[in-house]
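First comes the structure, then the notes that go with it.
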Amino acid sequence: MKWAAGVAITGLMALLALGVIGVFPRPELPDPEPVALSWGARNAVAAIVLGVRLWDTLFEILVYAMTIAGVKLGLRFLRWEKRVPPVAETPLLRRSADILLGPIVVFTVYVAASGHLGPGGGFPAGALLGTGLLLLALAKGVERVSAEIHEEALDWVEYGAIVVILGLAAVLLLLGRRGAPYFIATNLLIALEVAIGAWVAIHRFALSRGEV
Amino acid sequence: MEGLAGLALGIALVGLGFWTLVVRRNLIWKLLGLDVAAGGSILFLVALGYRPGGRPAIVGLGPGPAVDPLPQALVLTAIVIHFATLALALVYVVLLTHRRHTQDVRRLEAEERWPQP
């Protein structure tokens with residue numbers, strides 16, 4: 001088993017190395033700058049993600065929402081016999097997390113809203129907000145934070161954001177609209193969606209901890 | 001070649017991740033191996049888009065050729081989907097641990113009651 005795995009992995013690495021050296025032909029791509037400007041963005045990656053490959057991004061969001069729903073469903077009925085008690089919190093950590101959460105939210109909105117002009121975009125911004133909420137949960141205790149955030153409202157916001165993104169995409173694809181306002185709106189909604197998904201997955205895992 | 005270090009590191013990480021995925025018997029270790037392999041492939045794709053002396057693919061950041069933005073856009077999808085599928089896979093590992101009290105694939109297979117024909 002081990003030698004077969006070794007041969008297979010070495011073969012795969014050799015194939016990748018051959019591709020790097022230039023054995024296989026590489027296509028010549030057009031200059032990205034005129035393409036980006038024609039979509040109304042300065043960041044070529046944002047123009048590709050939300051413009052040229054919009055179908056891809058839409059289905060990516062759908063796959064993401066479906067897997068997060070799977071995580072929710074899978075852990076909903078899990079009951080451990082021996083539950084791990086909540087970790088004791090300290091006032092210093094709690095206060096610092098409270099102070100830091102505001103700047104994290106502001107930075108998230110900045111990264112999402114300026115994603116078409118520079119480095120950033122909806123996905124990094126969502127990861128920022130999700131990890132910010134994780135910091136809050138680590139400092140204040142997951143049980144406490146998840147009691148403060150209403151799960152049902154989160155569901156409505158998450159799936160509502162997907163519906164609005166689909167509507168925006170329909171306007172873009174059917175009417176041929178393009179430009180900066182569209183990029184800003186889509187990036188903010190994607191950030192919301194990714195942040196809520198990350199928070200739901202992480203806090204579900206933290207809540208369903210236990211011992212066998 | 002300047003971008004070669006990233007490519008070599010990416011290939012090495014993919015090999016290491018696949019090795020862990022195949023050889024380790026613990027399911028959590030297998031998922032960690034999958035994570036490392038995904039990280040390596042992401043690094044490999046981003047390094048493929050590198051051009052010598054290239055600048056970031058943002059308009060107005062100075063003269064010179066821009067790096068290829070297509071792998072970066074591709075990788076954005078890969079990162080998000082990888083996070084989601086890894087979380088889903090971990091849910092199944094948690095459920096399996098809750099039911100069968102082990103994460104060892106050999107023990108899981110040995111204790112499996114296969115249906116008799």
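Chain lettering (A, B, ...) mirrors the order of the structure tokens, residue numbering begins at 1 for each chain separately, and ligand numbering begins at 1 in order of display.
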
Listing only residues of chain B within 8 Å of chain A, what is the closest atom pair and its distance in Å (to one decimal) for each, using only C-alpha atoms, sorted by chain and residue number ascending, as CSV?
```
residue,atom,partner,partner_atom,distance
B:Leu7,CA,A:Val20,CA,7.7
B:Ala8,CA,A:Ala17,CA,7.9
B:Ile11,CA,A:Met13,CA,6.1
B:Ala12,CA,A:Met13,CA,7.7
B:Val14,CA,A:Met13,CA,8.0
B:Gly15,CA,A:Ile9,CA,5.9
B:Phe18,CA,A:Ile9,CA,7.0
B:Trp19,CA,A:Ala5,CA,7.1
B:Val22,CA,A:Ala5,CA,6.8
B:Val23,CA,A:Lys2,CA,6.6
B:Leu48,CA,A:Val20,CA,7.7
B:Ala57,CA,A:Ala44,CA,5.6
B:Ile58,CA,A:Asn43,CA,4.5
B:Val59,CA,A:Arg42,CA,5.0
B:Gly60,CA,A:Arg42,CA,7.9
B:Ala66,CA,A:Pro32,CA,7.9
B:Asp68,CA,A:Pro32,CA,7.8
B:Pro69,CA,A:Val45,CA,5.4
B:Leu70,CA,A:Val45,CA,7.0
B:Gln72,CA,A:Val45,CA,6.7
B:Ala73,CA,A:Val45,CA,5.4
B:Leu76,CA,A:Phe123,CA,7.6
B:Thr77,CA,A:Glu60,CA,6.6
B:Val80,CA,A:Tyr64,CA,7.3
B:Ile81,CA,A:Tyr64,CA,6.2
B:Ala84,CA,A:Thr67,CA,5.8
B:Thr85,CA,A:Thr67,CA,6.5
B:Ala87,CA,A:Val71,CA,6.9
B:Leu88,CA,A:Val71,CA,5.5
B:Val91,CA,A:Val71,CA,6.2
B:Tyr92,CA,A:Gly74,CA,7.5
B:Leu95,CA,A:Leu78,CA,7.4
B:Thr97,CA,A:Val212,CA,7.6
B:His98,CA,A:Val212,CA,6.5
B:His101,CA,A:Val212,CA,6.1
```

Once you have the residues from the selection above, write them out as an mmCIF file, in the first residue's frame, restricted to N, CA and C atoms.
```
data_model
loop_
_atom_site.group_PDB
_atom_site.id
_atom_site.type_symbol
_atom_site.label_atom_id
_atom_site.label_comp_id
_atom_site.auth_asym_id
_atom_site.auth_seq_id
_atom_site.Cartn_x
_atom_site.Cartn_y
_atom_site.Cartn_z
ATOM 1 N N LEU B 7 6.544 27.358 -6.780
ATOM 2 C CA LEU B 7 6.046 26.161 -7.467
ATOM 3 C C LEU B 7 6.562 24.901 -6.796
ATOM 4 N N ALA B 8 7.891 24.893 -6.464
ATOM 5 C CA ALA B 8 8.480 23.700 -5.847
ATOM 6 C C ALA B 8 7.841 23.445 -4.482
ATOM 7 N N ILE B 11 4.353 21.996 -4.999
ATOM 8 C CA ILE B 11 4.390 20.574 -5.372
ATOM 9 C C ILE B 11 4.742 19.724 -4.152
ATOM 10 N N ALA B 12 5.715 20.176 -3.354
ATOM 11 C CA ALA B 12 6.110 19.408 -2.167
ATOM 12 C C ALA B 12 4.962 19.297 -1.176
ATOM 13 N N VAL B 14 1.724 19.424 -1.865
ATOM 14 C CA VAL B 14 0.715 18.508 -2.409
ATOM 15 C C VAL B 14 1.135 17.059 -2.151
ATOM 16 N N GLY B 15 2.440 16.761 -2.388
ATOM 17 C CA GLY B 15 2.932 15.405 -2.143
ATOM 18 C C GLY B 15 2.800 15.017 -0.678
ATOM 19 N N PHE B 18 -0.937 14.463 0.213
ATOM 20 C CA PHE B 18 -1.471 13.201 -0.305
ATOM 21 C C PHE B 18 -0.885 12.024 0.454
ATOM 22 N N TRP B 19 0.390 12.126 0.819
ATOM 23 C CA TRP B 19 1.020 11.046 1.597
ATOM 24 C C TRP B 19 0.281 10.857 2.931
ATOM 25 N N VAL B 22 -3.145 9.257 2.431
ATOM 26 C CA VAL B 22 -3.199 7.837 2.096
ATOM 27 C C VAL B 22 -2.709 6.984 3.256
ATOM 28 N N VAL B 23 -1.628 7.386 3.902
ATOM 29 C CA VAL B 23 -0.924 6.495 4.828
ATOM 30 C C VAL B 23 -1.500 6.558 6.242
ATOM 31 N N LEU B 48 1.967 29.797 -10.475
ATOM 32 C CA LEU B 48 1.940 29.645 -11.937
ATOM 33 C C LEU B 48 1.643 30.976 -12.617
ATOM 34 N N ALA B 57 -2.069 42.715 -10.264
ATOM 35 C CA ALA B 57 -2.972 42.925 -11.399
ATOM 36 C C ALA B 57 -3.989 44.002 -11.088
ATOM 37 N N ILE B 58 -3.516 45.193 -10.729
ATOM 38 C CA ILE B 58 -4.403 46.322 -10.442
ATOM 39 C C ILE B 58 -3.988 47.469 -11.355
ATOM 40 N N VAL B 59 -4.952 48.092 -12.004
ATOM 41 C CA VAL B 59 -4.656 49.136 -12.984
ATOM 42 C C VAL B 59 -4.054 50.345 -12.264
ATOM 43 N N GLY B 60 -2.969 50.886 -12.829
ATOM 44 C CA GLY B 60 -2.381 52.103 -12.299
ATOM 45 C C GLY B 60 -1.376 51.887 -11.193
ATOM 46 N N ALA B 66 1.731 42.994 -15.735
ATOM 47 C CA ALA B 66 0.999 42.536 -14.546
ATOM 48 C C ALA B 66 1.081 41.020 -14.469
ATOM 49 N N ASP B 68 -0.514 37.251 -13.894
ATOM 50 C CA ASP B 68 -1.726 36.703 -14.466
ATOM 51 C C ASP B 68 -2.839 36.684 -13.413
ATOM 52 N N PRO B 69 -3.950 37.422 -13.592
ATOM 53 C CA PRO B 69 -4.987 37.444 -12.554
ATOM 54 C C PRO B 69 -5.896 36.222 -12.564
ATOM 55 N N LEU B 70 -5.856 35.432 -13.630
ATOM 56 C CA LEU B 70 -6.811 34.327 -13.746
ATOM 57 C C LEU B 70 -6.625 33.259 -12.663
ATOM 58 N N GLN B 72 -5.459 33.663 -9.706
ATOM 59 C CA GLN B 72 -5.870 34.240 -8.423
ATOM 60 C C GLN B 72 -7.380 34.195 -8.267
ATOM 61 N N ALA B 73 -8.110 34.511 -9.351
ATOM 62 C CA ALA B 73 -9.566 34.449 -9.295
ATOM 63 C C ALA B 73 -10.040 33.013 -9.123
ATOM 64 N N LEU B 76 -9.551 31.843 -5.476
ATOM 65 C CA LEU B 76 -10.524 32.405 -4.535
ATOM 66 C C LEU B 76 -11.684 31.430 -4.347
ATOM 67 N N THR B 77 -12.163 30.891 -5.462
ATOM 68 C CA THR B 77 -13.213 29.877 -5.401
ATOM 69 C C THR B 77 -12.732 28.658 -4.634
ATOM 70 N N VAL B 80 -12.635 29.078 -0.714
ATOM 71 C CA VAL B 80 -13.934 29.099 -0.040
ATOM 72 C C VAL B 80 -14.582 27.715 -0.066
ATOM 73 N N ILE B 81 -14.567 27.070 -1.231
ATOM 74 C CA ILE B 81 -15.181 25.748 -1.334
ATOM 75 C C ILE B 81 -14.413 24.752 -0.476
ATOM 76 N N ALA B 84 -15.525 25.100 3.100
ATOM 77 C CA ALA B 84 -16.873 24.572 3.333
ATOM 78 C C ALA B 84 -16.874 23.049 3.312
ATOM 79 N N THR B 85 -16.194 22.446 2.332
ATOM 80 C CA THR B 85 -16.215 20.982 2.250
ATOM 81 C C THR B 85 -15.451 20.366 3.409
ATOM 82 N N ALA B 87 -15.319 21.614 6.424
ATOM 83 C CA ALA B 87 -16.231 21.682 7.572
ATOM 84 C C ALA B 87 -17.256 20.558 7.496
ATOM 85 N N LEU B 88 -17.777 20.302 6.285
ATOM 86 C CA LEU B 88 -18.773 19.241 6.131
ATOM 87 C C LEU B 88 -18.157 17.871 6.419
ATOM 88 N N VAL B 91 -17.850 17.341 10.063
ATOM 89 C CA VAL B 91 -19.129 16.985 10.684
ATOM 90 C C VAL B 91 -19.321 15.470 10.639
ATOM 91 N N TYR B 92 -19.012 14.866 9.486
ATOM 92 C CA TYR B 92 -19.185 13.422 9.383
ATOM 93 C C TYR B 92 -18.224 12.691 10.306
ATOM 94 N N LEU B 95 -19.727 12.893 13.749
ATOM 95 C CA LEU B 95 -20.861 11.968 13.889
ATOM 96 C C LEU B 95 -20.367 10.520 14.005
ATOM 97 N N THR B 97 -17.435 9.543 15.139
ATOM 98 C CA THR B 97 -16.816 9.384 16.453
ATOM 99 C C THR B 97 -17.873 9.214 17.536
ATOM 100 N N HIS B 98 -18.963 9.960 17.406
ATOM 101 C CA HIS B 98 -20.037 9.869 18.386
ATOM 102 C C HIS B 98 -20.674 8.491 18.372
ATOM 103 N N HIS B 101 -17.114 5.567 18.382
ATOM 104 C CA HIS B 101 -16.098 5.796 19.415
ATOM 105 C C HIS B 101 -14.679 5.568 18.914
#
```

- Item | Contacts of segment 107-114 of chain B at 12 Å (only C-alpha atoms; same-chain gap of 4+ positions) as an MDAnalysis selection string | chainID B and resid 25:27 93 96:97 99:103

So that I have them on file, write out the residues from the current selection with N, CA and C atoms, as a compact mmCIF listing (two decimals), in the first residue's frame.
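Result saved to out_38.txt:
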```txt
# COMPACT_ATOMS: atom_id res chain seq x y z
N ARG B 25 -3.94 6.58 9.45
CA ARG B 25 -5.16 5.82 9.67
C ARG B 25 -6.23 6.61 10.40
N ASN B 26 -5.84 7.71 11.03
CA ASN B 26 -6.81 8.52 11.76
C ASN B 26 -7.54 9.47 10.78
N LEU B 27 -8.86 9.56 10.91
CA LEU B 27 -9.62 10.35 9.94
C LEU B 27 -9.31 11.84 10.04
N VAL B 93 -16.99 13.21 10.46
CA VAL B 93 -16.04 12.58 11.38
C VAL B 93 -16.56 12.67 12.81
N LEU B 96 -19.35 10.18 13.20
CA LEU B 96 -18.79 8.83 13.24
C LEU B 96 -18.16 8.56 14.61
N THR B 97 -17.44 9.54 15.14
CA THR B 97 -16.82 9.38 16.45
C THR B 97 -17.87 9.21 17.54
N ARG B 99 -20.79 7.90 17.19
CA ARG B 99 -21.47 6.61 17.08
C ARG B 99 -20.57 5.43 17.34
N ARG B 100 -19.34 5.49 16.81
CA ARG B 100 -18.49 4.30 16.81
C ARG B 100 -17.31 4.41 17.78
N HIS B 101 -17.11 5.57 18.38
CA HIS B 101 -16.10 5.80 19.41
C HIS B 101 -14.68 5.57 18.91
N THR B 102 -14.43 5.72 17.62
CA THR B 102 -13.07 5.63 17.11
C THR B 102 -12.96 6.44 15.82
N GLN B 103 -11.71 6.84 15.49
CA GLN B 103 -11.45 7.52 14.23
C GLN B 103 -10.47 6.74 13.37
```

- Task: Please identify which residues in segment 12-164 of chain A DSSP calls alpha helix (DSSP H) from the backbone, and express them as an NGL selection string.
- Result: :A and (12-21 or 32-38 or 44-47 or 54-76 or 91-113 or 122-140 or 142-148 or 151-164)

- Item | Residues near segment 103-106 of chain A, cut-off 8 Å, only C-alpha atoms, skip fewer than 4 positions along chain, as a list in words |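 These residues fall inside the cut-off: Ile99, Tyr110, Leu128, Leu129 and Gly132 of chain A.
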
- Skip Gly121 of chain A itself and residues of its chain fewer than 4 positions away, then list as a VMD selection string all residues within 8 Å of it, counting only C-alpha atoms. chain A and resid 46 111 to 116 125 187 191

- Message: Report as a list in words all protein, DNA and RNA residues lying within 12 Å of Leu101 of chain A, evaluated on only C-alpha atoms, omitting residues in the same chain fewer than 5 positions from it.
- Response: Arg94, Arg95, Ser96, Val106, Phe107, Thr108, Leu128, Leu129, Gly130, Thr131, Gly132, Leu133, Leu134, Leu135, Leu136, Ala137 and Ala139 of chain A

- Query: Restricting the calculation to only C-alpha atoms, which member of A:Leu166, A:Leu188, A:Val200, A:Leu54 is positioned closest to Gly126 of chain A?
  - Reply: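 Distance minimum relative to Gly126 of chain A lands on A:Leu188.
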